[in-house]
>>> print(open('entry07.cif').read())   # mmCIF, C-alpha atoms
data_upload
#
loop_
_atom_site.label_atom_id
_atom_site.label_comp_id
_atom_site.auth_asym_id
_atom_site.auth_seq_id
_atom_site.Cartn_x
_atom_site.Cartn_y
_atom_site.Cartn_z
CA MET A 1 33.79 -9.49 28.00
CA HIS A 2 32.89 -6.72 25.58
CA ARG A 3 33.91 -8.87 22.59
CA LYS A 4 31.89 -11.84 23.89
CA ALA A 5 28.81 -9.66 24.38
CA SER A 6 29.28 -8.17 20.93
CA GLY A 7 29.63 -11.64 19.40
CA ARG A 8 26.46 -12.87 21.12
CA LYS A 9 24.57 -9.79 19.87
CA ILE A 10 25.77 -10.40 16.29
CA ARG A 11 24.72 -14.07 16.45
CA SER A 12 21.35 -13.10 17.91
CA ASN A 13 20.73 -10.50 15.18
CA THR A 14 21.82 -13.00 12.52
CA ALA A 15 19.41 -15.62 13.87
CA LYS A 16 16.57 -13.06 13.91
CA ALA A 17 17.36 -11.99 10.34
CA ILE A 18 17.32 -15.62 9.15
CA LEU A 19 14.02 -16.27 10.95
CA VAL A 20 12.40 -13.15 9.47
CA THR A 21 13.65 -14.09 6.00
CA LEU A 22 12.20 -17.60 6.31
CA LEU A 23 8.87 -16.19 7.48
CA LEU A 24 8.79 -13.75 4.56
CA VAL A 25 9.56 -16.51 2.07
CA PHE A 26 6.89 -18.75 3.63
CA THR A 27 4.35 -15.91 3.53
CA LEU A 28 5.11 -14.47 0.10
CA PHE A 29 5.76 -17.68 -1.84
CA PRO A 30 2.03 -18.44 -2.44
CA ALA A 31 1.56 -14.93 -3.86
CA TYR A 32 4.62 -15.34 -6.09
CA TRP A 33 3.43 -18.73 -7.34
CA MET A 34 -0.02 -17.30 -8.09
CA LEU A 35 1.43 -14.42 -10.11
CA SER A 36 4.03 -16.50 -11.93
CA SER A 37 1.44 -19.12 -12.90
CA ALA A 38 -1.04 -16.43 -13.98
CA PHE A 39 1.48 -14.95 -16.43
CA ASP A 40 2.86 -18.34 -17.54
CA ALA A 41 1.32 -19.45 -20.83
CA GLN A 42 2.23 -23.08 -20.08
CA ALA A 43 0.41 -23.16 -16.74
CA SER A 44 -2.96 -24.09 -18.25
CA SER A 45 -1.56 -27.40 -19.47
CA GLY A 46 0.10 -28.12 -16.12
CA GLY A 47 3.56 -27.08 -17.32
CA GLN A 48 4.09 -24.11 -15.04
CA SER A 49 7.62 -23.62 -13.76
CA PHE A 50 9.21 -21.76 -10.88
CA PHE A 51 10.63 -19.17 -13.30
CA PRO A 52 8.34 -18.73 -16.34
CA LYS A 53 10.25 -18.68 -19.61
CA GLU A 54 7.80 -16.28 -21.25
CA LEU A 55 5.34 -13.85 -19.68
CA SER A 56 1.95 -13.74 -21.35
CA PHE A 57 -1.52 -12.30 -20.76
CA THR A 58 -3.17 -15.30 -22.41
CA ASN A 59 -4.61 -16.64 -19.17
CA PHE A 60 -6.13 -13.26 -18.27
CA GLU A 61 -7.68 -12.88 -21.73
CA SER A 62 -9.15 -16.37 -21.51
CA VAL A 63 -10.60 -15.74 -18.07
CA LEU A 64 -12.19 -12.38 -18.94
CA THR A 65 -13.57 -13.41 -22.34
CA ASP A 66 -14.15 -17.15 -22.57
CA GLY A 67 -14.66 -17.58 -18.82
CA GLY A 68 -17.10 -14.67 -18.52
CA PHE A 69 -15.26 -13.39 -15.47
CA ALA A 70 -16.01 -9.76 -16.32
CA VAL A 71 -19.69 -10.41 -15.53
CA PHE A 72 -18.75 -12.07 -12.24
CA LEU A 73 -16.62 -9.06 -11.32
CA ARG A 74 -19.54 -6.74 -12.00
CA ASN A 75 -21.87 -8.86 -9.85
CA SER A 76 -19.38 -8.97 -6.99
CA ALA A 77 -18.84 -5.22 -7.19
CA ILE A 78 -22.60 -4.63 -6.95
CA VAL A 79 -23.02 -7.05 -4.05
CA ALA A 80 -19.96 -5.83 -2.11
CA GLY A 81 -20.73 -2.15 -2.68
CA ALA A 82 -24.35 -2.48 -1.61
CA THR A 83 -23.40 -4.58 1.42
CA VAL A 84 -20.83 -2.02 2.60
CA LEU A 85 -23.15 0.98 2.20
CA ILE A 86 -26.27 -0.59 3.71
CA SER A 87 -24.52 -2.35 6.61
CA ALA A 88 -22.50 0.78 7.48
CA ALA A 89 -25.60 3.00 7.55
CA VAL A 90 -27.75 0.57 9.56
CA ALA A 91 -24.94 -0.37 11.95
CA LEU A 92 -24.14 3.28 12.65
CA LEU A 93 -27.75 4.17 13.49
CA ALA A 94 -28.17 1.02 15.60
CA SER A 95 -24.91 1.66 17.48
CA VAL A 96 -26.05 5.20 18.31
CA ALA A 97 -29.31 3.77 19.64
CA VAL A 98 -27.70 1.18 21.93
CA ALA A 99 -24.90 3.49 23.09
CA ARG A 100 -26.82 6.71 23.69
CA PHE A 101 -30.41 5.75 24.53
CA ARG A 102 -31.77 3.76 27.47
CA PHE A 103 -34.70 1.53 26.56
CA LYS A 104 -36.28 -1.69 27.69
CA PHE A 105 -34.39 -4.89 26.81
CA ARG A 106 -31.32 -2.85 25.80
CA THR A 107 -29.00 -5.30 27.54
CA ALA A 108 -30.83 -8.23 25.97
CA VAL A 109 -30.34 -6.70 22.52
CA LEU A 110 -26.59 -6.32 23.12
CA LEU A 111 -26.32 -9.90 24.36
CA MET A 112 -28.28 -11.14 21.35
CA ILE A 113 -25.88 -9.32 19.01
CA LEU A 114 -22.93 -10.90 20.79
CA VAL A 115 -24.48 -14.38 20.67
CA VAL A 116 -25.19 -14.08 16.93
CA GLN A 117 -21.48 -13.44 16.33
CA MET A 118 -20.67 -16.73 18.06
CA VAL A 119 -22.94 -18.84 15.85
CA PRO A 120 -21.00 -20.66 13.07
CA LEU A 121 -21.97 -19.43 9.61
CA GLU A 122 -22.56 -22.99 8.44
CA ALA A 123 -25.43 -23.29 10.95
CA LEU A 124 -27.20 -20.33 9.32
CA VAL A 125 -27.16 -21.61 5.74
CA ILE A 126 -30.43 -23.57 5.87
CA PRO A 127 -32.47 -21.02 7.89
CA LEU A 128 -31.38 -18.14 5.65
CA PHE A 129 -31.98 -20.23 2.52
CA VAL A 130 -35.55 -20.92 3.66
CA GLN A 131 -36.17 -17.23 4.40
CA ILE A 132 -34.78 -16.06 1.07
CA ARG A 133 -36.81 -18.75 -0.72
CA ASP A 134 -40.00 -17.61 1.04
CA LEU A 135 -39.22 -14.06 -0.08
CA GLN A 136 -38.84 -15.39 -3.66
CA LEU A 137 -35.35 -13.91 -3.91
CA LEU A 138 -33.41 -17.06 -4.74
CA ASN A 139 -30.96 -16.68 -7.66
CA THR A 140 -31.00 -12.89 -7.30
CA LEU A 141 -28.30 -10.47 -6.22
CA LEU A 142 -30.79 -8.72 -3.93
CA GLY A 143 -31.30 -11.88 -1.89
CA LEU A 144 -27.55 -12.34 -1.52
CA ILE A 145 -27.12 -8.69 -0.48
CA ILE A 146 -29.76 -9.10 2.24
CA VAL A 147 -27.94 -12.14 3.63
CA TYR A 148 -24.54 -10.43 3.59
CA VAL A 149 -25.95 -7.34 5.32
CA ALA A 150 -27.45 -9.58 8.00
CA LEU A 151 -24.07 -11.29 8.49
CA ALA A 152 -22.15 -8.00 8.70
CA LEU A 153 -24.50 -6.14 11.05
CA PRO A 154 -23.72 -7.88 14.38
CA PHE A 155 -19.99 -7.18 14.09
CA GLY A 156 -20.60 -3.66 12.79
CA ILE A 157 -23.03 -2.71 15.57
CA TRP A 158 -20.85 -4.16 18.32
CA MET A 159 -17.71 -2.42 17.06
CA LEU A 160 -19.30 0.95 16.29
CA ARG A 161 -20.93 0.98 19.70
CA GLY A 162 -17.47 1.47 21.21
CA PHE A 163 -16.74 4.41 18.91
CA VAL A 164 -20.06 6.10 19.66
CA ALA A 165 -19.62 5.60 23.40
CA ALA A 166 -16.16 7.17 23.17
CA VAL A 167 -17.62 10.44 21.83
CA PRO A 168 -18.14 12.81 24.81
CA VAL A 169 -21.78 13.58 25.46
CA GLU A 170 -20.76 17.18 26.24
CA LEU A 171 -20.00 17.76 22.55
CA GLU A 172 -23.55 16.82 21.61
CA GLU A 173 -25.03 18.94 24.40
CA ALA A 174 -22.94 21.93 23.31
CA ALA A 175 -24.19 21.53 19.74
CA PHE A 176 -27.80 21.44 20.92
CA LEU A 177 -27.25 24.56 23.05
CA ASP A 178 -25.90 26.33 19.96
CA GLY A 179 -29.16 25.58 18.18
CA ALA A 180 -28.05 22.65 16.02
CA SER A 181 -30.65 20.06 15.07
CA TRP A 182 -30.11 16.39 15.76
CA TRP A 183 -29.24 15.76 12.11
CA ARG A 184 -26.76 18.68 12.07
CA MET A 185 -25.13 17.39 15.26
CA PHE A 186 -24.97 13.88 13.85
CA ARG A 187 -23.45 15.01 10.54
CA SER A 188 -20.98 17.58 11.91
CA ILE A 189 -19.88 15.97 15.19
CA MET A 190 -20.79 12.31 15.50
CA LEU A 191 -20.06 11.16 11.96
CA PRO A 192 -16.50 12.60 11.67
CA LEU A 193 -15.50 11.15 15.04
CA VAL A 194 -16.95 7.72 14.24
CA ALA A 195 -15.57 7.65 10.67
CA PRO A 196 -12.52 5.47 11.54
CA GLY A 197 -14.86 2.86 12.98
CA LEU A 198 -17.00 2.96 9.85
CA VAL A 199 -13.89 2.27 7.78
CA ALA A 200 -12.92 -0.70 9.95
CA THR A 201 -16.39 -2.24 9.76
CA SER A 202 -16.57 -1.52 6.03
CA VAL A 203 -13.40 -3.53 5.47
CA PHE A 204 -14.98 -6.50 7.24
CA SER A 205 -18.20 -6.14 5.22
CA PHE A 206 -16.31 -5.80 1.94
CA ILE A 207 -14.15 -8.88 2.51
CA THR A 208 -17.17 -10.90 3.61
CA ALA A 209 -19.18 -9.98 0.51
CA TRP A 210 -16.25 -10.29 -1.92
CA ASN A 211 -14.78 -13.64 -0.84
CA GLU A 212 -17.75 -15.53 0.62
CA PHE A 213 -18.58 -18.79 -1.17
CA ILE A 214 -21.04 -20.99 0.78
CA PHE A 215 -24.01 -18.60 0.86
CA ALA A 216 -23.34 -17.39 -2.68
CA MET A 217 -23.29 -20.94 -4.01
CA THR A 218 -26.41 -21.88 -2.04
CA LEU A 219 -28.48 -18.87 -3.06
CA LEU A 220 -27.20 -18.37 -6.63
CA GLY A 221 -26.53 -21.96 -7.66
CA GLY A 222 -29.24 -21.95 -10.31
CA SER A 223 -28.38 -18.59 -11.92
CA THR A 224 -25.06 -18.54 -13.77
CA GLU A 225 -25.45 -14.93 -14.93
CA ASN A 226 -25.60 -13.79 -11.29
CA TYR A 227 -22.50 -15.65 -10.14
CA THR A 228 -19.98 -13.76 -8.03
CA VAL A 229 -16.21 -14.17 -8.42
CA ALA A 230 -16.05 -16.72 -5.61
CA ILE A 231 -18.43 -19.05 -7.46
CA GLY A 232 -17.06 -18.21 -10.90
CA LEU A 233 -13.63 -19.41 -9.84
CA LYS A 234 -14.85 -23.00 -9.45
CA GLN A 235 -15.64 -23.36 -13.13
CA PHE A 236 -11.92 -23.71 -13.85
CA PHE A 237 -11.73 -26.84 -11.71
CA GLY A 238 -12.63 -30.08 -13.48
CA LEU A 239 -13.28 -33.63 -12.32
CA ASN A 240 -10.06 -35.01 -13.73
CA SER A 241 -7.94 -31.94 -14.40
CA ASN A 242 -7.71 -28.26 -13.49
CA ASP A 243 -6.91 -25.24 -15.65
CA TRP A 244 -4.28 -23.85 -13.29
CA GLY A 245 -3.36 -20.96 -15.55
CA SER A 246 -6.95 -19.69 -15.52
CA VAL A 247 -7.31 -20.42 -11.81
CA MET A 248 -4.27 -18.33 -10.94
CA ALA A 249 -5.22 -15.53 -13.35
CA ALA A 250 -8.73 -15.37 -11.89
CA SER A 251 -7.31 -15.42 -8.37
CA THR A 252 -5.04 -12.51 -9.25
CA ILE A 253 -7.98 -10.55 -10.65
CA ILE A 254 -9.99 -11.25 -7.49
CA THR A 255 -7.14 -10.06 -5.28
CA ILE A 256 -6.61 -6.70 -7.01
CA PRO A 257 -9.85 -4.97 -5.83
CA VAL A 258 -9.20 -6.07 -2.25
CA MET A 259 -5.68 -4.63 -2.38
CA ILE A 260 -6.96 -1.36 -3.85
CA PHE A 261 -9.63 -1.12 -1.15
CA PHE A 262 -7.04 -1.67 1.60
CA ILE A 263 -4.70 0.94 0.10
CA LEU A 264 -7.49 3.51 0.06
CA VAL A 265 -8.56 2.97 3.67
CA GLN A 266 -5.38 1.79 5.39
CA ARG A 267 -4.71 5.06 7.25
CA ARG A 268 -8.19 5.33 8.68
CA LEU A 269 -8.27 1.58 9.31
CA SER A 270 -5.19 1.58 11.58
CA GLY A 271 -6.47 4.59 13.48
CA GLY A 272 -9.92 3.07 13.75
CA LEU A 273 -8.73 -0.22 15.23
CA VAL A 274 -6.77 1.63 17.93
CA SER A 275 -9.53 4.12 18.69
CA GLY A 276 -12.18 1.46 18.98
CA ALA A 277 -10.31 -0.19 21.85
CA VAL A 278 -10.32 2.93 24.01
CA LYS A 279 -13.82 2.74 25.36
CA GLY A 280 -16.61 0.21 24.98
#
>>> encode(input="entry07.cif", output="structure tokens")
Amino acid sequence: MHRKASGRKIRSNTAKAILVTLLLVFTLFPAYWMLSSAFDAQASSGGQSFFPKELSFTNFESVLTDGGFAVFLRNSAIVAGATVLISAAVALLASVAVARFRFKFRTAVLLMILVVQMVPLEALVIPLFVQIRDLQLLNTLLGLIIVYVALALPFGIWMLRGFVAAVPVELEEAAFLDGASWWRMFRSIMLPLVAPGLVATSVFSFITAWNEFIFAMTLLGGSTENYTVAIGLKQFFGLNSNDWGSVMAASTIITIPVMIFFILVQRRLSGGLVSGAVKG
């Protein structure tokens, strides 16, 4: 009996190992193909192979110089950075308001925030386009930043509300009794405790601003110098043929800042996601 049980355990572990290996291959193969094609000098002419014969930076040089991708990276960095900072600051103050203060229509405001999250982004393209046009901010990075902040705020407010509500009111009362001002209490007590939630919402805001295509194309379609990386990538696709070497090199360049951002905030992100589920 012991041998049979041991044999079944070995077969079970072997099956699990094979399944995990297949999942890893399925998951990692697109990333491998992107990198191999980006460093393959023959990929631009459609001659990329599974194992490149010669590694070259030709595709990256072409993308950054001839393709003007360095400008697109700068624009995306400005848009993503501004979106993260503005949305984090506004969402934090708004979450404190809805979590700590009692005011008229407070429940209606929370329900409205929740409903906005349920609306498909495609349904907001025309209304936001009209508003940005009326503000005369079409083909400007400022107009795009305003839209991205508006898209990130509902999620940020709803998530940070849970973090603010989880902070004991007694800590704030003790700070006030010790003579601290509201700003001192907010900076020394509230902000450090809510920091993991800010990181989690900042990741969402950053990814939204960095990868989003529909709103960027709609609002910046007439201004090539203000293109973000998501729009700039489409210039390597033609009607009859595609420059796959440049496409994969540009995709690799786009991925690097996201990876760096995740590496910098991963510890606080994991803690923030768990902490935010404690109390809402």
>>> residues_near_point(input="entry07.cif", point="(-15.0, -12.4, -14.7)", cutoff="12 Å", atoms="all atoms listed in the file", output="MDAnalysis selection string")
chainID A and resid 60:77 224:236 246:247 249:254
>>> closest_atom_pairs(input="entry07.cif", of="segment 80-148 of chain A", to="segment 165-168 of chain A", cutoff="9 Å", atoms="all atoms listed in the file", output="Markdown table")
| residue | atom | partner | partner_atom | distance |
| --- | --- | --- | --- | --- |
| A:Ser95 | CA | A:Ala165 | CA | 8.9 |
| A:Val96 | CA | A:Ala165 | CA | 8.2 |
| A:Ala99 | CA | A:Ala165 | CA | 5.7 |
| A:Arg100 | CA | A:Ala165 | CA | 7.3 |
>>> resolve_selection(input="entry07.cif", expression="the PyMOL selection byres ((chain A and resi 125) around 10)", output="PDB file with C-alpha atoms, in the frame of the given file")
ATOM      1  CA  PRO A 120     -21.000 -20.660  13.070  1.00  0.00           C
ATOM      2  CA  LEU A 121     -21.970 -19.430   9.610  1.00  0.00           C
ATOM      3  CA  GLU A 122     -22.560 -22.990   8.440  1.00  0.00           C
ATOM      4  CA  ALA A 123     -25.430 -23.290  10.950  1.00  0.00           C
ATOM      5  CA  LEU A 124     -27.200 -20.330   9.320  1.00  0.00           C
ATOM      6  CA  ILE A 126     -30.430 -23.570   5.870  1.00  0.00           C
ATOM      7  CA  PRO A 127     -32.470 -21.020   7.890  1.00  0.00           C
ATOM      8  CA  LEU A 128     -31.380 -18.140   5.650  1.00  0.00           C
ATOM      9  CA  PHE A 129     -31.980 -20.230   2.520  1.00  0.00           C
ATOM     10  CA  VAL A 130     -35.550 -20.920   3.660  1.00  0.00           C
ATOM     11  CA  VAL A 147     -27.940 -12.140   3.630  1.00  0.00           C
ATOM     12  CA  ILE A 214     -21.040 -20.990   0.780  1.00  0.00           C
ATOM     13  CA  PHE A 215     -24.010 -18.600   0.860  1.00  0.00           C
ATOM     14  CA  THR A 218     -26.410 -21.880  -2.040  1.00  0.00           C
ATOM     15  CA  LEU A 219     -28.480 -18.870  -3.060  1.00  0.00           C
TER      16      LEU A 219
END
>>> resolve_selection(input="entry07.cif", expression="the PyMOL selection byres ((chain A and resi 86) around 12)", output="ChimeraX atom specification")
/A:78-85,87-93,145-153,156,198,201-202,205-206
>>> atom_distance(input="entry07.cif", atom1="atom CA of Phe204 of chain A", atom2="atom CA of Leu111 of chain A")
20.8 Å
>>> atom_distance(input="entry07.cif", atom1="atom CA of Thr21 of chain A", atom2="atom CA of Thr255 of chain A")
24.0 Å
>>> axis_aligned_box(input="entry07.cif", around="segment 127-134 of chain A", padding_each_side="5 Å", output="lines of an AutoDock Vina configuration file")
center_x = -35.7
center_y = -18.5
center_z = 3.6
size_x = 18.6
size_y = 15.0
size_z = 18.6
>>> closest_residue(input="entry07.cif", among="A:Ser181, A:Arg133, A:Ala94, A:Pro192", to="Pro154 of chain A", atoms="only C-alpha atoms")
A:Ala94
>>> residues_around(input="entry07.cif", residues="Glu170 of chain A", least_positions_apart="5", cutoff="12 Å", atoms="all atoms listed in the file", output="list in words")
Ala165, Ala175, Phe176, Leu177, Met185, Ile189 and Met190 of chain A
>>> atom_distance(input="entry07.cif", atom1="atom CA of Gln136 of chain A", atom2="atom CA of Glu212 of chain A")
21.5 Å
>>> resolve_selection(input="entry07.cif", expression="the PyMOL selection byres ((chain A and resi 245) around 6)", output="number ranges by chain")
A: 37-38, 43-44, 59, 243-244, 246-248
>>> residues_around(input="entry07.cif", residues="Trp33 of chain A", least_positions_apart="3", cutoff="10 Å", atoms="only C-alpha atoms", output="JSON, numbers by chain")
{"A": [28, 29, 30, 36, 37, 38, 48, 49, 50, 51, 248]}
>>> closest_residue(input="entry07.cif", among="A:Thr27, A:Thr14, A:Gln266, A:Gln42", to="Ala200 of chain A", atoms="all atoms listed in the file")
A:Gln266
>>> closest_residue(input="entry07.cif", among="A:Leu55, A:Leu144, A:Met118, A:Ala108", to="Phe213 of chain A", atoms="all atoms listed in the file")
A:Leu144
>>> closest_residue(input="entry07.cif", among="A:Ile260, A:Leu160, A:Leu137, A:Asp178", to="Ser223 of chain A", atoms="all atoms listed in the file")
A:Leu137
